[in-house]
Amino acid sequence: MDSKAVFTSVAETKAQIEKYFYRVEVIERNLAFQEMSYQERRSLEDELQNLRDVLNAAQIAVKKLNAESCDGLAIGTLVTFFILSIYGLYRVFLIEHEKY
């Protein structure tokens with residue numbers, strides 16, 4: 001998966017999470033302050049539980065996508081450090097064997 005697609009997917013998933021968090025807040029507020037029948041209360045509690053399950057799954061997906069994007073960054077950093085180390089050793093070798 002290319003990095004642009006990963007970042008887009010992360011952004012979309014975060015937007016969905018925010019939407020679900022807002023819905024959870026609304027349901028909790030309704031349950032706390034609104035008079036309703038037992039059936040309405042039960043259906044809202046079921047919806048709240050379903051939303052919490054979806055949120056947990058979405059948060060796991062975001063962590064997985066962030067881990068994928070971090071892997072590429074870590075490999076790029078290691079390669080850059082390796083190249084700089086090789087160049088540094090090359091320069092030290094040239095300095096030691098340079099004739100004055």
# chains A, B, ... in the order shown; residues from 1 in each chain; ligands from 1

call {"tool": "residues_around", "arguments": {"residues": "A:Lys14", "least_positions_apart": "4", "cutoff": "8 Å", "atoms": "only C-alpha atoms", "output": "JSON list (two decimals) with N, CA, C and O atoms, in the first residue's frame"}}
result
[["chain", "number", "residue", "atom", "x", "y", "z"],
["A", 10, "VAL", "N", -6.22, 6.52, 6.88],
["A", 10, "VAL", "CA", -6.16, 6.92, 8.29],
["A", 10, "VAL", "C", -7.06, 8.13, 8.52],
["A", 10, "VAL", "O", -7.82, 8.16, 9.51],
["A", 18, "GLU", "N", -14.62, 10.08, 14.86],
["A", 18, "GLU", "CA", -15.16, 11.31, 15.43],
["A", 18, "GLU", "C", -16.70, 11.34, 15.33],
["A", 18, "GLU", "O", -17.39, 11.76, 16.26],
["A", 62, "VAL", "N", -7.00, 2.03, 13.05],
["A", 62, "VAL", "CA", -6.13, 3.22, 12.96],
["A", 62, "VAL", "C", -4.74, 2.89, 13.48],
["A", 62, "VAL", "O", -3.74, 3.30, 12.88]]

call {"tool": "closest_residue", "arguments": {"among": "A:Ile75, A:Leu65, A:Ile60, A:Ile27", "to": "A:Arg42", "atoms": "only C-alpha atoms"}}
result
A:Ile27

call {"tool": "closest_residue", "arguments": {"among": "A:Glu45, A:Val92, A:Ser9, A:His97", "to": "A:Lys64", "atoms": "only C-alpha atoms"}}
result
A:Ser9

call {"tool": "closest_residue", "arguments": {"among": "A:Ser85, A:Thr8, A:Ser37, A:Asn50", "to": "A:Arg23", "atoms": "only C-alpha atoms"}}
result
A:Asn50
